[in-house]
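Pasted below: upload.csv, CSV, C-alpha atoms.
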```csv
chain,number,residue,atom,x,y,z
A,2,MET,CA,114.7,79.8,-34.5
A,3,VAL,CA,112.3,78.3,-32.0
A,4,GLU,CA,109.8,81.0,-32.8
A,5,ASN,CA,110.1,80.4,-36.5
A,6,ASN,CA,109.6,76.7,-35.9
A,7,GLU,CA,106.6,77.3,-33.7
A,8,GLU,CA,105.1,79.6,-36.4
A,9,ILE,CA,105.7,76.9,-39.0
A,10,GLY,CA,104.0,74.4,-36.7
A,11,LEU,CA,101.0,76.7,-36.2
A,12,ASN,CA,100.7,77.4,-39.8
A,13,LEU,CA,100.7,73.6,-40.5
A,14,LEU,CA,98.0,73.2,-37.9
A,15,ASP,CA,95.9,75.8,-39.5
A,16,THR,CA,96.1,73.9,-42.8
A,17,PRO,CA,93.0,71.7,-43.2
A,18,ILE,CA,94.0,68.1,-43.3
A,19,GLY,CA,91.7,65.7,-45.0
A,20,PRO,CA,91.7,62.6,-47.2
A,21,LYS,CA,93.7,62.9,-50.4
A,22,LYS,CA,91.5,63.6,-53.4
A,23,LYS,CA,91.0,60.4,-55.3
A,24,LYS,CA,91.6,60.4,-59.0
A,25,GLU,CA,88.4,60.4,-60.9
A,26,VAL,CA,87.6,57.1,-62.3
A,27,SER,CA,85.4,57.1,-65.4
A,28,GLU,CA,82.3,55.0,-65.3
A,29,PRO,CA,82.4,52.0,-67.5
A,30,ARG,CA,80.4,52.4,-70.7
A,31,ASP,CA,77.0,50.8,-70.9
A,32,LEU,CA,77.6,48.6,-74.0
A,33,LEU,CA,73.9,47.8,-74.2
A,34,LEU,CA,72.7,51.4,-74.3
A,35,HIS,CA,71.8,51.3,-78.0
A,36,GLU,CA,70.5,47.8,-77.8
A,37,ARG,CA,68.1,48.6,-75.0
A,38,GLU,CA,66.8,51.6,-76.8
A,39,TYR,CA,65.7,49.5,-79.8
A,40,TRP,CA,64.6,46.5,-77.7
A,41,ASP,CA,62.3,48.9,-75.8
A,42,SER,CA,61.0,50.1,-79.2
A,43,GLY,CA,59.9,46.6,-80.1
A,44,PHE,CA,62.9,45.4,-82.1
A,45,GLU,CA,63.7,41.9,-80.7
A,46,ARG,CA,66.5,40.6,-82.9
A,47,ILE,CA,69.3,43.2,-83.1
A,48,ALA,CA,72.4,42.4,-85.2
A,49,GLY,CA,75.8,44.0,-84.6
A,50,ILE,CA,77.9,44.4,-87.8
A,51,ASP,CA,81.6,45.0,-88.1
A,52,GLU,CA,84.6,44.3,-90.4
A,53,VAL,CA,88.3,43.8,-90.1
A,54,GLY,CA,91.2,43.9,-92.5
A,55,ARG,CA,90.4,47.2,-94.1
A,56,GLY,CA,94.0,48.4,-94.0
A,57,CYS,CA,95.8,45.2,-95.0
A,58,LEU,CA,97.9,44.8,-98.1
A,59,PHE,CA,96.9,41.1,-98.4
A,60,GLY,CA,93.8,39.0,-98.4
A,61,ASP,CA,90.1,39.5,-97.9
A,62,VAL,CA,88.3,42.0,-95.8
A,63,VAL,CA,86.1,40.0,-93.4
A,64,ALA,CA,82.9,41.1,-91.8
A,65,ALA,CA,80.7,39.5,-89.2
A,66,ALA,CA,77.0,39.9,-88.2
A,67,VAL,CA,76.0,38.7,-84.7
A,68,ILE,CA,72.6,38.6,-83.1
A,69,LEU,CA,72.8,38.1,-79.3
A,70,PRO,CA,69.9,37.2,-77.0
A,71,LYS,CA,68.1,40.1,-75.5
A,72,ASP,CA,69.7,41.4,-72.2
A,73,LEU,CA,72.6,39.0,-72.4
A,74,ILE,CA,75.7,40.6,-70.9
A,75,LEU,CA,79.1,39.3,-72.1
A,76,GLU,CA,81.8,40.1,-69.6
A,77,GLY,CA,85.0,41.4,-71.2
A,78,VAL,CA,83.6,42.0,-74.7
A,79,ASN,CA,85.2,45.1,-76.2
A,80,ASP,CA,86.7,46.4,-79.4
A,81,SER,CA,88.7,43.4,-80.7
A,82,LYS,CA,91.8,45.5,-81.3
A,83,LYS,CA,92.0,46.2,-77.5
A,84,LEU,CA,92.0,42.5,-76.5
A,85,THR,CA,94.8,40.0,-76.4
A,86,GLU,CA,94.7,37.1,-78.8
A,87,LYS,CA,94.0,34.7,-76.0
A,88,LYS,CA,91.1,36.8,-74.7
A,89,ARG,CA,89.6,37.1,-78.3
A,90,ASP,CA,89.8,33.4,-78.8
A,91,ALA,CA,88.0,32.7,-75.5
A,92,LEU,CA,85.3,35.3,-76.3
A,93,TYR,CA,84.9,33.9,-79.8
A,94,ASP,CA,83.9,30.6,-78.4
A,95,ILE,CA,81.5,32.1,-75.9
A,96,ILE,CA,79.9,34.3,-78.6
A,97,MET,CA,79.5,31.4,-81.0
A,98,GLU,CA,77.9,29.4,-78.2
A,99,LYS,CA,75.5,32.1,-76.9
A,100,ALA,CA,74.6,33.9,-80.2
A,101,LEU,CA,71.2,33.4,-81.8
A,102,ALA,CA,72.8,33.8,-85.2
A,103,VAL,CA,76.2,34.5,-86.7
A,104,GLY,CA,77.1,35.3,-90.3
A,105,ILE,CA,80.5,35.8,-91.9
A,106,GLY,CA,81.0,37.7,-95.1
A,107,TYR,CA,84.1,38.2,-97.3
A,108,ALA,CA,85.4,40.4,-100.1
A,109,ASP,CA,88.6,39.3,-101.7
A,110,ALA,CA,91.6,41.3,-103.1
A,111,GLU,CA,90.2,41.3,-106.6
A,112,THR,CA,86.9,42.7,-105.4
A,113,ILE,CA,88.8,45.3,-103.3
A,114,ASP,CA,90.8,46.4,-106.3
A,115,ARG,CA,87.8,46.6,-108.5
A,116,LEU,CA,85.4,48.4,-106.2
A,117,ASN,CA,87.7,50.2,-103.7
A,118,ILE,CA,88.1,49.2,-100.1
A,119,LYS,CA,85.1,51.1,-98.7
A,120,GLN,CA,82.7,49.5,-101.1
A,121,ALA,CA,84.3,46.1,-100.7
A,122,ALA,CA,83.9,46.4,-96.9
A,123,ARG,CA,80.3,47.3,-97.3
A,124,LEU,CA,79.8,44.3,-99.6
A,125,ALA,CA,81.4,42.0,-97.0
A,126,MET,CA,79.0,43.4,-94.4
A,127,LYS,CA,76.1,42.8,-96.7
A,128,ARG,CA,77.2,39.2,-97.2
A,129,ALA,CA,77.6,38.7,-93.5
A,130,VAL,CA,74.0,39.8,-92.9
A,131,GLU,CA,72.8,37.5,-95.6
A,132,ALA,CA,74.8,34.6,-94.1
A,133,LEU,CA,72.8,35.0,-90.8
A,134,GLY,CA,70.1,32.8,-92.3
A,135,GLU,CA,67.4,35.1,-91.0
A,136,THR,CA,66.6,38.8,-91.3
A,137,PRO,CA,67.3,40.9,-88.2
A,138,ASP,CA,64.7,43.4,-86.9
A,139,TYR,CA,67.4,46.1,-86.6
A,140,MET,CA,71.1,46.5,-87.2
A,141,LEU,CA,73.8,48.4,-85.3
A,142,VAL,CA,76.7,49.0,-87.7
A,143,ASP,CA,80.3,50.2,-87.0
A,144,ALA,CA,80.6,53.5,-88.9
A,145,GLU,CA,79.0,52.2,-92.1
A,146,LYS,CA,75.7,51.6,-93.9
A,147,VAL,CA,74.8,48.1,-95.1
A,148,ASP,CA,72.9,47.8,-98.4
A,149,VAL,CA,70.1,45.6,-97.1
A,150,ASN,CA,66.4,46.5,-96.5
A,151,VAL,CA,66.7,46.5,-92.7
A,152,PRO,CA,66.5,49.6,-90.4
A,153,GLN,CA,70.0,50.4,-89.1
A,154,LEU,CA,72.1,52.8,-87.1
A,155,SER,CA,75.7,53.7,-87.9
A,156,ILE,CA,77.7,54.2,-84.7
A,157,ILE,CA,81.1,55.9,-84.8
A,158,LYS,CA,83.5,53.6,-82.8
A,159,GLY,CA,80.7,51.2,-82.5
A,160,ASP,CA,82.9,48.3,-81.4
A,161,ALA,CA,83.7,50.4,-78.2
A,162,ASN,CA,80.1,51.5,-77.7
A,163,SER,CA,77.9,48.5,-78.5
A,164,GLN,CA,78.2,44.9,-77.2
A,165,SER,CA,76.6,43.6,-80.4
A,166,ILE,CA,79.1,45.4,-82.7
A,167,ALA,CA,82.0,44.4,-80.3
A,168,ALA,CA,80.9,40.8,-80.6
A,169,ALA,CA,80.9,41.1,-84.4
A,170,SER,CA,84.4,42.7,-84.3
A,171,ILE,CA,85.7,39.7,-82.3
A,172,ILE,CA,84.2,37.1,-84.6
A,173,ALA,CA,85.5,38.9,-87.7
A,174,LYS,CA,89.0,39.4,-86.2
A,175,VAL,CA,89.4,35.8,-85.0
A,176,THR,CA,88.1,34.5,-88.3
A,177,ARG,CA,90.5,36.6,-90.4
A,178,ASP,CA,93.5,35.9,-88.1
A,179,ARG,CA,92.9,32.2,-88.3
A,180,LEU,CA,92.9,32.4,-92.1
A,181,CYS,CA,96.2,34.3,-92.0
A,182,LYS,CA,97.8,31.8,-89.6
A,183,GLU,CA,96.5,28.7,-91.3
A,184,GLU,CA,95.2,28.6,-94.8
A,185,TRP,CA,96.8,31.7,-96.2
A,186,ASP,CA,100.2,31.2,-94.5
A,187,THR,CA,100.3,27.6,-95.9
A,188,LEU,CA,99.7,29.0,-99.4
A,189,TYR,CA,102.3,31.7,-99.1
A,190,PRO,CA,104.7,30.8,-96.3
A,191,GLU,CA,107.5,33.2,-97.4
A,192,TYR,CA,105.5,36.3,-96.5
A,193,GLY,CA,105.1,35.9,-92.8
A,194,LEU,CA,101.3,36.2,-92.8
A,195,SER,CA,100.9,34.3,-89.6
A,196,ILE,CA,102.8,37.1,-87.8
A,197,HIS,CA,101.7,40.4,-89.4
A,198,LYS,CA,98.3,39.2,-90.6
A,199,GLY,CA,98.7,41.0,-94.0
A,200,TYR,CA,99.3,44.5,-92.6
A,201,ALA,CA,102.0,46.8,-94.1
A,202,THR,CA,104.8,45.9,-91.7
A,203,LYS,CA,108.4,46.5,-92.7
A,204,VAL,CA,109.0,42.8,-93.1
A,205,HIS,CA,105.9,42.3,-95.2
A,206,ARG,CA,106.9,45.2,-97.5
A,207,GLU,CA,110.4,43.8,-97.9
A,208,GLN,CA,109.1,40.4,-98.8
A,209,ILE,CA,106.8,41.9,-101.5
A,210,MET,CA,109.7,43.9,-102.9
A,211,ALA,CA,111.9,40.7,-103.0
A,212,LEU,CA,109.3,38.2,-104.1
A,213,GLY,CA,106.6,40.2,-105.9
A,214,ALA,CA,102.9,40.3,-105.1
A,215,THR,CA,100.8,37.2,-104.8
A,216,PRO,CA,97.4,36.9,-106.4
A,217,MET,CA,95.9,37.7,-103.0
A,218,HIS,CA,97.7,41.0,-102.6
A,219,ARG,CA,95.7,44.1,-103.1
A,220,ARG,CA,97.4,45.7,-106.0
A,221,SER,CA,95.6,49.0,-105.6
A,222,PHE,CA,97.3,49.3,-102.2
A,223,LEU,CA,100.8,48.5,-103.3
A,224,GLY,CA,101.6,51.5,-105.6
A,225,ASN,CA,101.1,54.1,-102.9
A,226,LEU,CA,102.9,52.2,-100.2
A,227,LEU,CA,105.8,51.0,-102.2
A,228,GLY,CA,106.4,53.8,-104.6
A,229,GLU,CA,104.8,52.4,-107.8
A,230,GLN,CA,107.1,49.4,-107.9
A,231,GLN,CA,106.2,48.3,-111.4
A,232,SER,CA,108.2,45.1,-110.9
A,233,LEU,CA,105.5,43.9,-108.6
A,234,PHE,CA,103.0,43.7,-111.4
```

Can you present the structure in this file as structure tokens?
Amino acid sequence: MVENNEEIGLNLLDTPIGPKKKKEVSEPRDLLLHEREYWDSGFERIAGIDEVGRGCLFGDVVAAAVILPKDLILEGVNDSKKLTEKKRDALYDIIMEKALAVGIGYADAETIDRLNIKQAARLAMKRAVEALGETPDYMLVDAEKVDVNVPQLSIIKGDANSQSIAAASIIAKVTRDRLCKEEWDTLYPEYGLSIHKGYATKVHREQIMALGATPMHRRSFLGNLLGEQQSLF
């Protein structure tokens, strides 16, 4: 038994002992990578463009366009969906204070039903750019193309890869959420808009089934989700 224990001890001693391998930590993304590329190419005023509310049953799709000062770094800015409401609100105030220009654009439920959601979202983005009050030199757009005569780059998951787009995402999200919690919830208090923000939650669908659709519901969305409930119309 002693020999076995000694052999075990020797084997353990022969085993190299070193620091435990640390888990690899991914480097934080450089959210100004795209901006710097175009700043270095002579484009001074770069606008980030994004929209929110594309998947909602109720209300407008809201877009924002934001031009930030060159080389400004905003700590904590990220895809608005990954931030808490408190963090979004705090960043909203900072962005509004620091931005060179901010534009908001809207496309309502009637427009969404008439054009389809993709074209309505593009229209809201175009209106956001026009609301800037000045023409940007270049635009970074979250996975879309905006119908304005300005050079632009469409970036997949742009709100997680560009500070300018992330800032626009936050402005659009906070703007729409505040409409849901204030103006729209006051108009239609029975639907719980301040809680679900117009998305297709179980409670929201049940209230539509019970009460019918309001003029601000997207009727083109309701048939597929609620099984062609003709009573809603």

Counting all atoms listed in the file, which residues of region 39-131 of chain A fall within 12 Å of region 203-209 of chain A, and what is the closest atom pair for each with its distance in Å at one decimal, ordered by chain and rising number, as a Markdown table?
```
| residue | atom | partner | partner_atom | distance |
| --- | --- | --- | --- | --- |
| A:Cys57 | CA | A:His205 | CA | 10.5 |
| A:Leu58 | CA | A:His205 | CA | 8.9 |
| A:Phe59 | CA | A:His205 | CA | 9.6 |
```

inquiry  = Just checking: using all atoms listed in the file, which residue out of A:Thr136, A:Thr187, A:Ser165, A:Thr85 ends up closest to Asn150 (chain A)?
reply    =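 Under the stated criterion, the closest residue is A:Thr136.
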
Residue with smallest distance to Val151 (chain A) - pool A:Leu124, A:Asp31, A:Pro70, A:Arg46, counting only C-alpha atoms =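 Among the listed residues, the smallest separation from Val151 (chain A) belongs to A:Arg46.
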
Residue nearest Thr202 (chain A) among A:Ile50, A:Leu154, A:Lys146, A:Gly56 (counting all atoms listed in the file) = A:Gly56

task = Please provide the set of residues having any atom within 10 Å of Lys174 (chain A), restricted to only C-alpha atoms, with same-chain residues fewer than 4 positions apart removed, written as a count of residues only.
result = 20

Do a neighbour search on Trp185 (chain A) at 9 Å with only C-alpha atoms, toss out local chain neighbours closer than 6 positions, and write the hits as a compact mmCIF listing (two decimals) with C-alpha atoms, in the coordinates of the input.
```
# COMPACT_ATOMS: atom_id res chain seq x y z
CA GLY A 60 93.80 39.00 -98.40
CA ARG A 179 92.90 32.20 -88.30
CA LEU A 194 101.30 36.20 -92.80
CA SER A 195 100.90 34.30 -89.60
```

inquiry  = From the options A:Val149, A:Leu133, A:Val142, A:Ile196, which residue's atoms come nearest to Ala161 (chain A), counting only C-alpha atoms?
reply    =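 The answer is A:Val142, which sits nearest to Ala161 (chain A).
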
Proximity to Ala167 (chain A) - best of A:Thr112, A:Thr215, A:Ser155, A:Asn79, all atoms listed in the file = A:Asn79
